[in-house]
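my_file.cif follows (mmCIF, C-alpha atoms):
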```cif
data_start
#
loop_
_atom_site.label_atom_id
_atom_site.label_comp_id
_atom_site.auth_asym_id
_atom_site.auth_seq_id
_atom_site.Cartn_x
_atom_site.Cartn_y
_atom_site.Cartn_z
CA MET A 1 -9.52 -3.02 19.61
CA GLU A 2 -10.86 -4.60 22.75
CA ASN A 3 -8.70 -5.46 25.72
CA LYS A 4 -8.28 -8.90 27.19
CA SER A 5 -11.67 -8.80 28.93
CA GLY A 6 -13.31 -8.11 25.58
CA THR A 7 -15.50 -5.33 26.99
CA THR A 8 -13.86 -1.93 26.50
CA PRO A 9 -11.23 -0.52 24.10
CA GLU A 10 -7.72 0.06 25.35
CA ARG A 11 -7.00 3.66 26.31
CA ALA A 12 -3.83 5.11 24.84
CA ILE A 13 -1.50 8.09 25.12
CA LEU A 14 0.46 8.99 21.99
CA VAL A 15 4.07 10.15 22.29
CA GLY A 16 6.10 12.14 19.77
CA VAL A 17 9.56 13.70 19.92
CA ALA A 18 10.63 17.04 18.45
CA SER A 19 14.35 17.00 17.78
CA GLY A 20 16.73 18.32 15.17
CA SER A 21 14.85 19.95 12.28
CA VAL A 22 11.50 18.46 13.32
CA ASP A 23 9.45 21.11 15.14
CA PRO A 24 6.57 20.50 17.60
CA ALA A 25 3.93 21.58 15.03
CA THR A 26 5.12 18.87 12.63
CA VAL A 27 5.19 16.31 15.42
CA GLU A 28 1.60 17.19 16.35
CA THR A 29 0.55 16.60 12.74
CA HIS A 30 2.29 13.23 12.81
CA LEU A 31 0.51 12.37 16.06
CA GLU A 32 -2.84 13.17 14.44
CA GLU A 33 -2.06 10.52 11.83
CA LEU A 34 -0.89 8.15 14.58
CA GLU A 35 -4.24 8.73 16.30
CA LEU A 36 -6.05 7.59 13.15
CA LEU A 37 -3.90 4.48 13.16
CA ALA A 38 -4.66 3.84 16.82
CA GLN A 39 -8.38 4.29 16.23
CA THR A 40 -8.19 1.91 13.27
CA ALA A 41 -6.62 -0.64 15.62
CA GLY A 42 -9.48 -0.05 18.07
CA ALA A 43 -7.82 2.10 20.74
CA GLU A 44 -9.32 5.10 22.49
CA VAL A 45 -6.80 7.94 22.40
CA VAL A 46 -6.94 10.16 25.49
CA GLY A 47 -4.01 12.47 24.86
CA HIS A 48 -0.90 13.53 22.92
CA VAL A 49 2.48 14.15 24.53
CA ILE A 50 5.28 15.97 22.66
CA GLN A 51 8.78 16.02 24.12
CA ARG A 52 11.49 18.40 22.91
CA MET A 53 14.93 16.78 22.86
CA ARG A 54 18.38 17.60 21.55
CA ARG A 55 19.20 13.93 21.15
CA ILE A 56 17.45 10.63 21.74
CA ASN A 57 17.96 8.98 25.12
CA PRO A 58 19.39 5.46 24.58
CA ALA A 59 17.65 3.99 27.65
CA PHE A 60 14.11 5.43 27.44
CA PHE A 61 14.12 7.34 24.12
CA ILE A 62 12.70 10.40 25.94
CA GLY A 63 14.75 10.31 29.16
CA LYS A 64 14.08 8.51 32.43
CA GLY A 65 12.38 11.45 34.19
CA LYS A 66 9.93 12.00 31.32
CA ALA A 67 9.35 8.23 31.08
CA GLN A 68 8.41 8.06 34.78
CA GLN A 69 6.11 11.05 34.30
CA LEU A 70 4.41 9.36 31.34
CA ILE A 71 3.83 6.16 33.27
CA GLN A 72 2.34 8.14 36.14
CA GLN A 73 0.10 10.03 33.72
CA ALA A 74 -1.04 6.75 32.18
CA HIS A 75 -1.95 5.40 35.63
CA GLU A 76 -3.94 8.54 36.48
CA LEU A 77 -5.86 8.40 33.18
CA ASP A 78 -6.39 4.64 33.43
CA CYS A 79 -4.46 4.07 30.18
CA GLN A 80 -3.19 0.65 29.16
CA LEU A 81 -1.06 1.84 26.23
CA LEU A 82 1.76 4.24 25.41
CA ILE A 83 2.24 4.44 21.64
CA PHE A 84 5.41 6.09 20.31
CA ASP A 85 5.43 7.60 16.82
CA ASP A 86 9.05 6.49 16.40
CA ASP A 87 10.52 3.00 16.49
CA LEU A 88 11.88 1.93 19.88
CA HIS A 89 14.78 -0.41 20.53
CA PRO A 90 13.97 -3.62 22.45
CA GLY A 91 15.95 -2.39 25.42
CA GLN A 92 13.94 0.83 25.59
CA ILE A 93 10.66 -1.08 25.70
CA LYS A 94 12.10 -3.38 28.38
CA ASN A 95 13.08 -0.38 30.49
CA PHE A 96 9.55 1.00 30.27
CA GLN A 97 8.10 -2.33 31.33
CA GLN A 98 10.31 -2.29 34.40
CA LEU A 99 8.66 1.00 35.37
CA SER A 100 5.14 -0.47 35.18
CA LYS A 101 3.58 -3.87 34.71
CA ARG A 102 0.18 -2.29 33.93
CA VAL A 103 1.13 -0.18 30.92
CA LYS A 104 2.16 -1.62 27.55
CA VAL A 105 4.61 0.37 25.43
CA ILE A 106 4.60 -0.13 21.67
CA ASP A 107 5.90 1.83 18.71
CA ARG A 108 4.46 2.87 15.37
CA SER A 109 5.70 -0.25 13.57
CA ALA A 110 4.02 -2.56 16.08
CA LEU A 111 0.77 -0.63 15.73
CA ILE A 112 0.81 -0.83 11.91
CA LEU A 113 1.60 -4.54 12.06
CA ASP A 114 -1.38 -5.02 14.36
CA ILE A 115 -3.66 -3.25 11.87
CA PHE A 116 -2.32 -5.34 9.01
CA ARG A 117 -2.98 -8.55 10.94
CA LYS A 118 -6.52 -7.36 11.58
CA HIS A 119 -7.20 -6.57 7.91
CA ALA A 120 -5.44 -9.44 6.17
CA ARG A 121 -8.00 -11.54 4.31
CA THR A 122 -6.31 -13.75 1.72
CA ARG A 123 -3.69 -16.45 2.26
CA GLU A 124 -1.06 -14.24 0.64
CA ALA A 125 -1.79 -11.21 2.81
CA LYS A 126 -1.88 -13.29 5.99
CA THR A 127 1.43 -14.93 5.11
CA GLN A 128 3.05 -11.59 4.30
CA VAL A 129 1.85 -9.98 7.51
CA GLU A 130 2.89 -12.90 9.69
CA LEU A 131 6.34 -12.87 8.12
CA ALA A 132 6.72 -9.14 8.78
CA HIS A 133 5.49 -9.57 12.36
CA LEU A 134 7.95 -12.36 13.14
CA GLN A 135 10.84 -10.43 11.61
CA TYR A 136 9.88 -7.50 13.82
CA LEU A 137 9.53 -9.76 16.87
CA LEU A 138 12.73 -11.78 16.46
CA PRO A 139 15.28 -9.23 17.74
CA ARG A 140 12.90 -8.27 20.55
CA LEU A 141 12.11 -11.77 21.77
CA THR A 142 14.67 -12.44 24.49
CA ARG A 143 14.63 -8.95 25.98
CA MET A 144 10.85 -8.77 25.96
CA TRP A 145 10.24 -12.31 27.22
CA THR A 146 8.39 -11.49 30.44
CA HIS A 147 6.72 -8.48 28.83
CA LEU A 148 5.26 -10.63 26.07
CA GLU A 149 4.26 -13.31 28.54
CA ARG A 150 2.17 -10.78 30.44
CA GLN A 151 0.34 -9.16 27.52
CA MET A 152 -1.59 -12.01 25.97
CA GLY A 153 -4.18 -9.68 24.45
CA GLY A 154 -4.64 -6.20 23.12
CA ILE A 155 -3.05 -3.96 20.51
CA GLY A 156 0.36 -5.07 19.33
CA THR A 157 -0.05 -8.63 20.58
CA ARG A 158 -2.98 -10.10 18.68
CA ALA A 159 -2.30 -13.74 17.88
CA GLY A 160 -2.70 -14.64 14.24
CA ALA A 161 -3.22 -17.94 12.45
CA GLY A 162 -0.02 -19.95 12.64
CA GLU A 163 1.72 -17.38 14.83
CA THR A 164 4.33 -18.88 17.13
CA GLN A 165 3.65 -18.88 20.89
CA ILE A 166 5.50 -16.58 23.25
CA GLU A 167 7.56 -19.36 24.83
CA VAL A 168 8.97 -20.57 21.51
CA ASP A 169 12.67 -19.77 21.20
CA ARG A 170 14.49 -17.90 18.46
CA ARG A 171 15.36 -21.06 16.55
CA LEU A 172 11.69 -21.98 16.07
CA ILE A 173 10.84 -18.44 15.00
CA ARG A 174 13.64 -18.51 12.41
CA ASN A 175 12.30 -21.84 11.14
CA ARG A 176 8.85 -20.32 10.86
CA ILE A 177 10.24 -17.32 8.99
CA ALA A 178 12.02 -19.63 6.55
CA HIS A 179 8.79 -21.60 6.03
CA LEU A 180 6.81 -18.41 5.38
CA LYS A 181 9.35 -17.20 2.83
CA ARG A 182 9.07 -20.51 0.97
CA GLU A 183 5.29 -20.26 1.13
CA LEU A 184 5.39 -16.75 -0.36
CA VAL A 185 7.52 -18.03 -3.24
CA ARG A 186 4.89 -20.68 -3.97
CA ILE A 187 2.06 -18.14 -3.73
CA GLU A 188 3.92 -15.77 -6.02
CA LYS A 189 4.34 -18.53 -8.63
CA GLU A 190 0.61 -19.28 -8.44
CA ARG A 191 -0.23 -15.61 -8.85
CA SER A 192 2.18 -15.30 -11.80
CA THR A 193 0.36 -18.15 -13.53
CA GLN A 194 -3.03 -16.57 -12.84
CA THR A 195 -1.93 -13.17 -14.17
CA ALA A 196 -0.02 -14.43 -17.21
CA ARG A 197 -2.96 -13.67 -19.48
CA ARG A 198 -2.85 -10.01 -18.41
CA LYS A 199 0.73 -9.53 -19.58
CA THR A 200 -0.39 -8.93 -23.14
CA GLY A 201 -2.87 -6.31 -21.96
CA TYR A 202 -2.26 -2.74 -20.86
CA ARG A 203 -1.71 -2.72 -17.08
CA VAL A 204 -2.52 0.25 -14.85
CA SER A 205 -1.81 0.48 -11.11
CA LEU A 206 -3.41 2.83 -8.61
CA VAL A 207 -1.00 3.91 -5.88
CA GLY A 208 -1.31 6.49 -3.16
CA TYR A 209 -1.40 7.34 0.50
CA THR A 210 -3.76 5.20 2.52
CA ASN A 211 -7.33 6.52 2.62
CA ALA A 212 -6.79 8.72 -0.46
CA GLY A 213 -9.80 7.10 -2.14
CA LYS A 214 -8.08 4.61 -4.46
CA SER A 215 -10.72 1.92 -4.03
CA THR A 216 -13.51 4.45 -4.58
CA LEU A 217 -11.75 5.65 -7.72
CA MET A 218 -11.39 2.08 -8.94
CA ASN A 219 -15.13 1.55 -8.46
CA ALA A 220 -15.83 4.74 -10.40
CA ILE A 221 -13.61 3.63 -13.30
CA THR A 222 -14.66 0.00 -13.50
CA GLY A 223 -18.18 -0.02 -12.11
CA ALA A 224 -17.15 -2.98 -9.95
CA GLU A 225 -17.68 -3.03 -6.22
CA VAL A 226 -14.37 -3.04 -4.36
CA PHE A 227 -14.44 -3.07 -0.55
CA ILE A 228 -14.40 0.47 0.84
CA GLU A 229 -14.21 1.65 4.43
CA ASP A 230 -13.29 5.09 5.76
CA GLN A 231 -10.25 3.96 7.73
CA LEU A 232 -6.55 3.42 7.17
CA PHE A 233 -5.45 0.23 5.40
CA ALA A 234 -9.01 -0.96 4.70
CA THR A 235 -7.61 -2.85 1.70
CA LEU A 236 -4.46 -4.99 1.79
CA ASP A 237 -4.94 -7.41 -1.08
CA THR A 238 -4.35 -6.46 -4.69
CA THR A 239 -7.63 -6.18 -6.62
CA VAL A 240 -7.54 -6.33 -10.42
CA ARG A 241 -10.39 -5.41 -12.75
CA LYS A 242 -10.73 -5.32 -16.53
CA VAL A 243 -11.81 -2.10 -18.25
CA VAL A 244 -12.84 -1.92 -21.93
CA LEU A 245 -12.32 1.55 -23.40
CA ASP A 246 -13.43 0.64 -26.94
CA ASN A 247 -13.39 -2.29 -29.35
CA SER A 248 -9.61 -2.33 -29.66
CA ARG A 249 -8.41 -1.12 -26.28
CA GLU A 250 -8.78 -2.76 -22.94
CA LEU A 251 -6.77 -2.48 -19.77
CA PHE A 252 -6.32 -4.20 -16.42
CA ILE A 253 -6.40 -1.83 -13.46
CA SER A 254 -5.12 -2.84 -10.03
CA ASP A 255 -5.52 -1.37 -6.55
CA THR A 256 -3.31 -2.48 -3.67
CA VAL A 257 -2.26 -1.51 -0.15
CA GLY A 258 -1.93 2.22 0.53
CA PHE A 259 1.33 3.86 1.52
CA ILE A 260 1.96 5.68 4.77
CA ARG A 261 4.74 7.66 6.44
CA LYS A 262 7.29 5.44 8.22
CA LEU A 263 5.88 2.25 6.73
CA PRO A 264 7.84 -0.50 8.52
CA HIS A 265 10.69 -1.90 6.45
CA HIS A 266 9.63 -5.50 7.09
CA LEU A 267 6.17 -4.76 5.70
CA VAL A 268 7.57 -3.21 2.52
CA ALA A 269 9.86 -6.22 2.09
CA SER A 270 7.11 -8.76 2.82
CA PHE A 271 4.64 -7.10 0.45
CA ARG A 272 7.21 -6.70 -2.32
CA SER A 273 5.73 -9.57 -4.36
CA THR A 274 2.25 -8.05 -4.12
CA LEU A 275 3.56 -4.59 -4.94
CA ALA A 276 5.38 -6.04 -7.96
CA GLU A 277 2.11 -5.32 -9.79
CA ILE A 278 3.16 -1.66 -9.60
CA THR A 279 6.66 -2.17 -11.00
CA GLU A 280 5.31 -4.27 -13.89
CA SER A 281 2.57 -1.81 -14.86
CA ASP A 282 2.55 0.18 -18.08
CA LEU A 283 1.04 3.15 -16.27
CA VAL A 284 1.09 4.18 -12.59
CA ILE A 285 -1.70 6.49 -11.41
CA VAL A 286 -0.69 8.35 -8.26
CA VAL A 287 -3.84 9.18 -6.29
CA ALA A 288 -3.69 11.96 -3.69
CA ASP A 289 -6.27 13.53 -1.39
CA ALA A 290 -6.55 17.13 -2.59
CA SER A 291 -8.27 18.18 0.64
CA SER A 292 -5.49 16.93 2.94
CA ASP A 293 -3.42 19.46 4.88
CA GLN A 294 -0.50 17.03 4.51
CA LEU A 295 -0.71 16.71 0.72
CA GLU A 296 2.95 17.56 0.11
CA ASP A 297 4.14 15.09 2.78
CA HIS A 298 1.88 12.41 1.29
CA LEU A 299 3.28 12.94 -2.20
CA GLU A 300 6.83 12.77 -0.85
CA THR A 301 6.02 9.50 0.94
CA ILE A 302 4.61 8.06 -2.29
CA ARG A 303 7.74 9.07 -4.22
CA ARG A 304 9.96 7.53 -1.56
CA VAL A 305 8.09 4.20 -1.43
CA LEU A 306 7.99 3.97 -5.24
CA GLY A 307 11.74 4.56 -5.18
CA GLU A 308 12.18 1.73 -2.66
CA LEU A 309 10.19 -0.52 -4.98
CA GLN A 310 12.32 0.67 -7.91
CA ALA A 311 9.12 1.67 -9.69
CA THR A 312 10.78 4.38 -11.74
CA ARG A 313 8.69 4.20 -14.91
CA GLU A 314 8.19 7.51 -16.67
CA ASN A 315 4.53 6.78 -17.43
CA ARG A 316 2.69 8.27 -14.47
CA LEU A 317 -0.49 10.25 -14.04
CA LEU A 318 -1.07 12.43 -11.00
CA VAL A 319 -4.71 12.42 -9.88
CA PHE A 320 -6.03 14.68 -7.13
CA ASN A 321 -9.12 13.07 -5.63
CA LYS A 322 -11.77 14.48 -3.23
CA ILE A 323 -11.90 17.89 -4.92
CA ASP A 324 -15.46 18.19 -3.60
CA ARG A 325 -13.92 18.61 -0.13
CA VAL A 326 -11.72 21.56 -1.13
CA THR A 327 -13.88 24.52 -0.08
CA ASP A 328 -11.27 27.28 -0.47
CA PRO A 329 -11.09 28.42 -4.15
CA ASP A 330 -7.69 30.05 -3.55
CA GLN A 331 -6.28 26.79 -2.19
CA LEU A 332 -7.58 24.92 -5.22
CA GLN A 333 -6.05 27.47 -7.59
CA ARG A 334 -2.70 27.30 -5.79
CA LEU A 335 -2.67 23.52 -6.21
CA LYS A 336 -3.55 23.81 -9.90
CA ASN A 337 -0.75 26.31 -10.42
CA ARG A 338 1.72 24.04 -8.62
CA TYR A 339 0.57 20.84 -10.38
CA PRO A 340 -0.65 21.87 -13.84
CA GLU A 341 -0.29 18.29 -15.11
CA ALA A 342 -2.66 16.86 -12.49
CA ILE A 343 -6.15 15.53 -13.18
CA TRP A 344 -8.82 16.64 -10.71
CA VAL A 345 -11.64 14.24 -9.80
CA SER A 346 -14.14 13.32 -7.15
CA ALA A 347 -14.36 9.55 -7.20
CA LYS A 348 -17.18 9.54 -4.66
CA HIS A 349 -19.40 11.72 -6.86
CA ARG A 350 -17.91 10.38 -10.14
CA LEU A 351 -16.88 13.87 -11.25
CA ARG A 352 -14.43 14.22 -14.17
CA ILE A 353 -13.84 10.48 -14.41
CA ASP A 354 -14.22 10.86 -18.18
CA ARG A 355 -11.18 13.16 -18.20
CA LEU A 356 -9.15 10.55 -16.36
CA LEU A 357 -10.22 7.84 -18.81
CA GLN A 358 -9.25 10.08 -21.73
CA ALA A 359 -5.83 10.70 -20.16
CA ILE A 360 -5.35 6.94 -19.78
CA ALA A 361 -6.36 6.44 -23.41
CA ASP A 362 -3.92 9.14 -24.55
CA THR A 363 -1.11 7.47 -22.61
CA MET A 364 -2.02 4.13 -24.13
CA GLU A 365 -1.79 5.68 -27.61
CA SER A 366 1.93 6.25 -27.18
CA ARG A 367 2.38 2.50 -26.63
CA TYR A 368 0.46 1.52 -29.79
CA THR A 369 1.63 1.10 -33.37
CA THR A 370 0.30 0.07 -36.78
CA ALA A 371 1.71 -2.55 -39.15
CA ARG A 372 0.84 -4.57 -42.26
CA VAL A 373 1.09 -8.35 -42.45
CA GLU A 374 0.31 -10.83 -45.22
CA VAL A 375 -0.93 -14.35 -44.52
CA ASP A 376 -1.67 -17.28 -46.85
CA TYR A 377 -5.35 -18.13 -47.01
CA ALA A 378 -4.57 -21.75 -46.19
CA ASP A 379 -2.62 -20.90 -43.03
CA GLY A 380 -5.51 -20.75 -40.58
CA LYS A 381 -3.29 -20.87 -37.49
CA THR A 382 -1.28 -17.81 -38.49
CA MET A 383 -4.46 -16.08 -39.64
CA ALA A 384 -5.85 -16.38 -36.12
CA LEU A 385 -2.53 -15.40 -34.53
CA VAL A 386 -2.14 -12.07 -36.32
CA GLN A 387 -5.62 -10.95 -35.25
CA GLU A 388 -5.27 -11.90 -31.59
CA GLY A 389 -4.94 -8.97 -29.18
CA VAL A 390 -4.94 -6.29 -31.90
CA GLU A 391 -7.41 -4.26 -33.92
CA VAL A 392 -7.70 -5.11 -37.60
CA MET A 393 -7.91 -1.74 -39.35
CA GLN A 394 -8.13 -2.99 -42.93
CA ARG A 395 -8.38 -6.25 -44.92
CA GLU A 396 -7.16 -6.53 -48.51
CA LEU A 397 -7.92 -9.67 -50.55
CA LEU A 398 -4.93 -10.51 -52.74
CA GLU A 399 -4.61 -13.37 -55.22
CA ASP A 400 -3.21 -16.00 -52.84
CA ARG A 401 -3.07 -14.25 -49.49
CA LEU A 402 -4.74 -11.78 -47.20
CA ARG A 403 -3.13 -8.45 -46.33
CA LEU A 404 -4.08 -7.07 -42.91
CA THR A 405 -3.41 -3.68 -41.40
CA ILE A 406 -3.28 -4.21 -37.64
CA ARG A 407 -2.99 -1.85 -34.72
CA GLY A 408 -2.06 -2.73 -31.15
CA ARG A 409 0.54 -2.51 -28.40
CA ARG A 410 4.06 -2.23 -29.73
CA GLU A 411 5.16 -5.38 -27.91
CA ARG A 412 2.24 -7.40 -29.30
CA VAL A 413 2.65 -6.12 -32.87
CA ARG A 414 6.40 -6.73 -32.75
CA LYS A 415 5.78 -10.31 -31.60
CA ILE A 416 3.27 -10.92 -34.42
CA LEU A 417 5.67 -9.57 -37.05
CA HIS A 418 8.48 -11.75 -35.71
CA GLN A 419 6.33 -14.88 -35.79
CA VAL A 420 5.05 -14.18 -39.29
CA GLN A 421 8.54 -13.41 -40.65
CA SER A 422 10.01 -16.54 -39.06
CA LYS A 423 7.68 -18.80 -41.05
#
```
Transcribe the structure of this file into structure tokens.
Amino acid sequence: MENKSGTTPERAILVGVASGSVDPATVETHLEELELLAQTAGAEVVGHVIQRMRRINPAFFIGKGKAQQLIQQAHELDCQLLIFDDDLHPGQIKNFQQLSKRVKVIDRSALILDIFRKHARTREAKTQVELAHLQYLLPRLTRMWTHLERQMGGIGTRAGAGETQIEVDRRLIRNRIAHLKRELVRIEKERSTQTARRKTGYRVSLVGYTNAGKSTLMNAITGAEVFIEDQLFATLDTTVRKVVLDNSRELFISDTVGFIRKLPHHLVASFRSTLAEITESDLVIVVADASSDQLEDHLETIRRVLGELQATRENRLLVFNKIDRVTDPDQLQRLKNRYPEAIWVSAKHRLRIDRLLQAIADTMESRYTTARVEVDYADGKTMALVQEGVEVMQRELLEDRLRLTIRGRRERVRKILHQVQSK
């Protein structure tokens, strides 16, 4: 991210708090992830600051003395940004701004929103991100009025298409929010129409922590080229591809936005229509980075977000990606002992993709059934209907009708039987 002059990236200090059961080592790990986020947004991180606290300070989050020290440190290091790993109240940000007009203070949610605005490509993604941004901004508007007026550029303040201006009051922002919600309803209806044809097919969703290699895995499975970049949230928009396993089985596989720890509530809510692809899927493939030191935390985040989306389907496959990066055999064995049901792949090098495809096929089998139907030779419409979307296993020529043995998804076969019996 470039600053207002457009010449150099903004320099940032990251701030984390160790309190309660959260120890400094855990906070440092969280700040390492926050640094990746800041770098994705375009900032240059010059340092981490961890503050031990028994309880959060209501005025400055970390206490006034520490806040003054941080501002002084930022001035000495020529930093324009303080980025907190926790969400700040509007009043806390205002108090920081009263300490310095040269240093912006933002929190994790503002940083993630900035990245999403940067990466949004489609009309749906841009609408979702703008809605989340305005919902985040609304309670902060009046208290941050002069602060926002000063920072016309840089991380956390990038203007997006259709974004309201700083001087617009709360009423106009609420009107804009209402308009965006109506627009998302229209977009969702359009998308539902476009995806209606997939509802009879087997639907698979890839989910996982951001940068776990979902898009790379999708390319390995489908052979299609999905945008890939080694940074957080490189992909926001849902991508769907068709995969043909054999003559009778095909599936639609989708890849959408990655999850992350402390994903802002407004973003989860705004992207709920996009993430509905997950809740409607027949199979959810959870993709995790086997080489990550934070694997357990990542899996817990995935479980929590899936719970928020009410994606509680039993049909799930756990896939550990990037096994080529796991150099310690003992570590790999420990993971295999802990997760014996997992499938181990390297999407980048296309290793063991065949095992994953076989596991998908086996899961599909449980959703398939076989049935016999009889159709009059003269009933061409029904003849075509009973063969649509299923595999014809056998044809028997009877005196006045044709007997077919069909195999397909239970829902599809049940629908065919109902339509034939209702004639």
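Using only C-alpha atoms, the smallest distance between any of A:Glu341, A:Val326, A:Arg249, A:Leu318 and Glu391 in chain A comes from A:Arg249.
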Around (7.2, 8.0, 19.3) in the file's own coordinates, what residues are found within 8 Å if you use all atoms listed in the file, given back as an mmCIF file with C-alpha atoms, in the frame of the given file?
```cif
data_model
loop_
_atom_site.group_PDB
_atom_site.id
_atom_site.type_symbol
_atom_site.label_atom_id
_atom_site.label_comp_id
_atom_site.auth_asym_id
_atom_site.auth_seq_id
_atom_site.Cartn_x
_atom_site.Cartn_y
_atom_site.Cartn_z
ATOM 1 C CA LEU A 14 0.460 8.990 21.990
ATOM 2 C CA VAL A 15 4.070 10.150 22.290
ATOM 3 C CA GLY A 16 6.100 12.140 19.770
ATOM 4 C CA VAL A 17 9.560 13.700 19.920
ATOM 5 C CA ILE A 83 2.240 4.440 21.640
ATOM 6 C CA PHE A 84 5.410 6.090 20.310
ATOM 7 C CA ASP A 85 5.430 7.600 16.820
ATOM 8 C CA ASP A 86 9.050 6.490 16.400
ATOM 9 C CA ASP A 87 10.520 3.000 16.490
ATOM 10 C CA LEU A 88 11.880 1.930 19.880
ATOM 11 C CA ASP A 107 5.900 1.830 18.710
ATOM 12 C CA ARG A 108 4.460 2.870 15.370
#
```
Might you spell out which residues the PyMOL selection byres ((chain A and resi 115) around 8) would select in the displayed file, as a PyMOL selection string?
chain A and resi 37+40-41+111-114+116-119+233
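Nearest to Glu296 in chain A of all the residues A:Ile406, A:Leu335, A:Leu36, A:Leu356 is A:Leu335, based on all atoms listed in the file.
Considering only C-alpha atoms, the residue among A:Ile278, A:Leu404, A:Ile93, A:Ala384 positioned nearest to Gly208 in chain A is A:Ile278.
Using all atoms listed in the file, the residues found no farther than 9 Å from Ile173 in chain A, other than those of its own chain fewer than 6 positions away, are A:Leu134, A:Gln135, A:Leu137, A:Leu138, A:Thr164.
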